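For reference, the structure discussed in these notes is given below.
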Amino acid sequence: MRNLMKKIILLACCSVVFGGCVAMQRQAGELDNLLEPTVVFHSSDGSSILSCLNDIGTLRSREFNRYFRAAESGIKRGRDEDKLRFICLSLNDKASYRQFKEGVAMLKQYIKEHPDSREELSGLMGLVVRLDRAKVNRWSGRKKMLDEKEELEAEVASLQARVEALLREHEQDAIKIQELRNQIEQLKNIENIIKNREHGS
């Protein structure tokens, strides 16, 4: 009986000791978690613009126009996120050339105001400048094509007018030829009549 009592007391003491160790380990673990630094990720200005471009890539024209109007009024508040959103929208393929140029001007201004983002945004600015050149080249190429199209249309219209004039001349010539044939037939008839009279007399 005494041995049983000793075993129970020993078992109880062990469980208290082990339980305390586990509790202390838990507290120590929680304390370690509290002491670990929390990493907060702040997206850079360039990644904000690129992420925005990805998000608005599927906008319809009507939605884009609504968003752009909101962004235009938003930049009056002067907040960086409003400026970045305006720049993002101006780079969308649904933006007009005027909207695109306004966004480029805003990006240049933003780079001046944020020298810490200059290196990152200068790379984006290089891409934007290339995009601008591509837009201008496409526009000038399209204008050249339109000019050539107008010239060709004018040439075609001139040729059609010339063909119509020639057809009218041909019709008039055909009428004149028919009239001459009729006159020749009449002269032949008259000649035959005269010959017949001479033979008859």
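Letters A, B, ... go to the chains of the structure tokens in the order shown; residues in each chain start at 1; ligands are counted from 1 in the same order.
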Quiz prompt | Leu91 (chain A) surroundings by only C-alpha atoms, 8 Å radius, close-in-sequence under 2 positions cut, as a ChimeraX atom specification | solution = /A:53,87-89,93,95,100,103
Quiz item: Could you work out how far CA of Leu127 (chain A) lies from CA of Asp80 (chain A), giving the answer in Å with one decimal?
Solution: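 Those two atoms sit 21.0 Å apart.
Distances here use only C-alpha atoms; by that measure, the residue among A:Ile56, A:Leu166, A:Ala71, A:Val129 closest to Gln99 (chain A) is A:Ala71.
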Quiz item: A:Asn137, A:Asn182, A:Asp132, A:Leu146: which is nearest Arg98 (chain A), counting only C-alpha atoms?
Solution: A:Asp132
Exercise. Provide the CA of Val128 (chain A) to CA of Val104 (chain A) distance in Å, to one decimal place.
Key: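 Computing it gives 7.4 Å between the two atoms.
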Self-check item: Test item, helix (DSSP H, G or I) assignment across region 65-98 of chain A, answer as a list of chain:residue names
Solution: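 Reading the DSSP output for region 65-98 of chain A, helix (DSSP H, G or I) covers A:Asn65, A:Arg66, A:Tyr67, A:Phe68, A:Arg69, A:Ala70, A:Ala71, A:Glu72, A:Ser73, A:Gly74, A:Ile75, A:Lys76, A:Arg77, A:Asp80, A:Glu81, A:Asp82, A:Lys83, A:Leu84, A:Arg85, A:Phe86, A:Ile87, A:Cys88, A:Leu89, A:Ser90, A:Tyr97, A:Arg98.
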Output the selection as a compact mmCIF listing (two decimals), in the first residue's frame - N, CA, C and O atoms for each residue.
# COMPACT_ATOMS: atom_id res chain seq x y z
N ASN A 65 -13.44 54.80 -69.52
CA ASN A 65 -13.73 56.24 -69.50
C ASN A 65 -14.19 56.70 -68.12
O ASN A 65 -13.79 57.77 -67.66
N ARG A 66 -14.98 55.87 -67.47
CA ARG A 66 -15.46 56.21 -66.13
C ARG A 66 -14.30 56.25 -65.13
O ARG A 66 -14.16 57.19 -64.35
N TYR A 67 -13.43 55.24 -65.20
CA TYR A 67 -12.27 55.19 -64.32
C TYR A 67 -11.34 56.38 -64.57
O TYR A 67 -10.78 56.96 -63.64
N PHE A 68 -11.15 56.73 -65.86
CA PHE A 68 -10.23 57.81 -66.19
C PHE A 68 -10.76 59.14 -65.67
O PHE A 68 -9.99 59.97 -65.15
N ARG A 69 -12.07 59.37 -65.82
CA ARG A 69 -12.65 60.61 -65.29
C ARG A 69 -12.45 60.69 -63.77
O ARG A 69 -12.11 61.75 -63.23
N ALA A 70 -12.65 59.57 -63.09
CA ALA A 70 -12.46 59.52 -61.64
C ALA A 70 -11.00 59.80 -61.29
O ALA A 70 -10.71 60.51 -60.32
N ALA A 71 -10.07 59.25 -62.08
CA ALA A 71 -8.64 59.46 -61.82
C ALA A 71 -8.26 60.92 -62.05
O ALA A 71 -7.46 61.48 -61.30
N GLU A 72 -8.84 61.54 -63.09
CA GLU A 72 -8.57 62.95 -63.35
C GLU A 72 -8.99 63.82 -62.18
O GLU A 72 -8.26 64.73 -61.78
N SER A 73 -10.16 63.55 -61.63
CA SER A 73 -10.61 64.33 -60.48
C SER A 73 -9.81 63.95 -59.23
O SER A 73 -9.60 64.77 -58.34
N GLY A 74 -9.33 62.70 -59.16
CA GLY A 74 -8.57 62.24 -58.00
C GLY A 74 -7.21 62.90 -57.87
O GLY A 74 -6.74 63.13 -56.75
N ILE A 75 -6.55 63.23 -58.99
CA ILE A 75 -5.20 63.81 -58.90
C ILE A 75 -5.22 65.21 -58.30
O ILE A 75 -4.19 65.70 -57.84
N LYS A 76 -6.39 65.83 -58.27
CA LYS A 76 -6.49 67.17 -57.64
C LYS A 76 -6.23 67.09 -56.14
O LYS A 76 -5.85 68.07 -55.53
N ARG A 77 -6.44 65.89 -55.54
CA ARG A 77 -6.18 65.72 -54.11
C ARG A 77 -4.69 65.72 -53.82
O ARG A 77 -4.28 65.95 -52.69
N ASP A 80 -0.19 60.52 -53.76
CA ASP A 80 0.66 59.74 -54.66
C ASP A 80 -0.10 58.61 -55.33
O ASP A 80 0.06 58.35 -56.52
N GLU A 81 -0.96 57.90 -54.55
CA GLU A 81 -1.68 56.77 -55.15
C GLU A 81 -2.62 57.21 -56.25
O GLU A 81 -2.83 56.49 -57.24
N ASP A 82 -3.18 58.43 -56.15
CA ASP A 82 -4.05 58.96 -57.21
C ASP A 82 -3.24 59.26 -58.47
O ASP A 82 -3.68 59.00 -59.58
N LYS A 83 -2.04 59.81 -58.26
CA LYS A 83 -1.17 60.11 -59.41
C LYS A 83 -0.74 58.82 -60.11
O LYS A 83 -0.73 58.74 -61.33
N LEU A 84 -0.37 57.81 -59.30
CA LEU A 84 0.05 56.53 -59.88
C LEU A 84 -1.09 55.87 -60.65
O LEU A 84 -0.89 55.28 -61.71
N ARG A 85 -2.30 55.98 -60.12
CA ARG A 85 -3.47 55.40 -60.80
C ARG A 85 -3.72 56.13 -62.13
O ARG A 85 -4.04 55.51 -63.15
N PHE A 86 -3.58 57.46 -62.12
CA PHE A 86 -3.74 58.25 -63.35
C PHE A 86 -2.71 57.82 -64.39
O PHE A 86 -3.04 57.63 -65.57
N ILE A 87 -1.45 57.67 -63.95
CA ILE A 87 -0.39 57.24 -64.87
C ILE A 87 -0.72 55.86 -65.44
O ILE A 87 -0.61 55.62 -66.64
N CYS A 88 -1.17 54.96 -64.57
CA CYS A 88 -1.54 53.61 -64.99
C CYS A 88 -2.61 53.65 -66.06
O CYS A 88 -2.49 53.02 -67.11
N LEU A 89 -3.68 54.40 -65.82
CA LEU A 89 -4.79 54.45 -66.78
C LEU A 89 -4.36 55.07 -68.10
O LEU A 89 -4.83 54.66 -69.17
N SER A 90 -3.45 56.05 -68.04
CA SER A 90 -3.01 56.69 -69.29
C SER A 90 -2.20 55.74 -70.16
O SER A 90 -2.07 55.95 -71.36
N TYR A 97 -4.54 59.38 -77.43
CA TYR A 97 -3.16 59.89 -77.45
C TYR A 97 -3.01 61.07 -76.50
O TYR A 97 -1.98 61.22 -75.84
N ARG A 98 -4.04 61.90 -76.39
CA ARG A 98 -4.01 63.03 -75.46
C ARG A 98 -3.89 62.53 -74.02
O ARG A 98 -3.07 63.02 -73.24
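The coordinates place CA of Gly126 (chain A) at 16.8 Å from CA of His114 (chain A).
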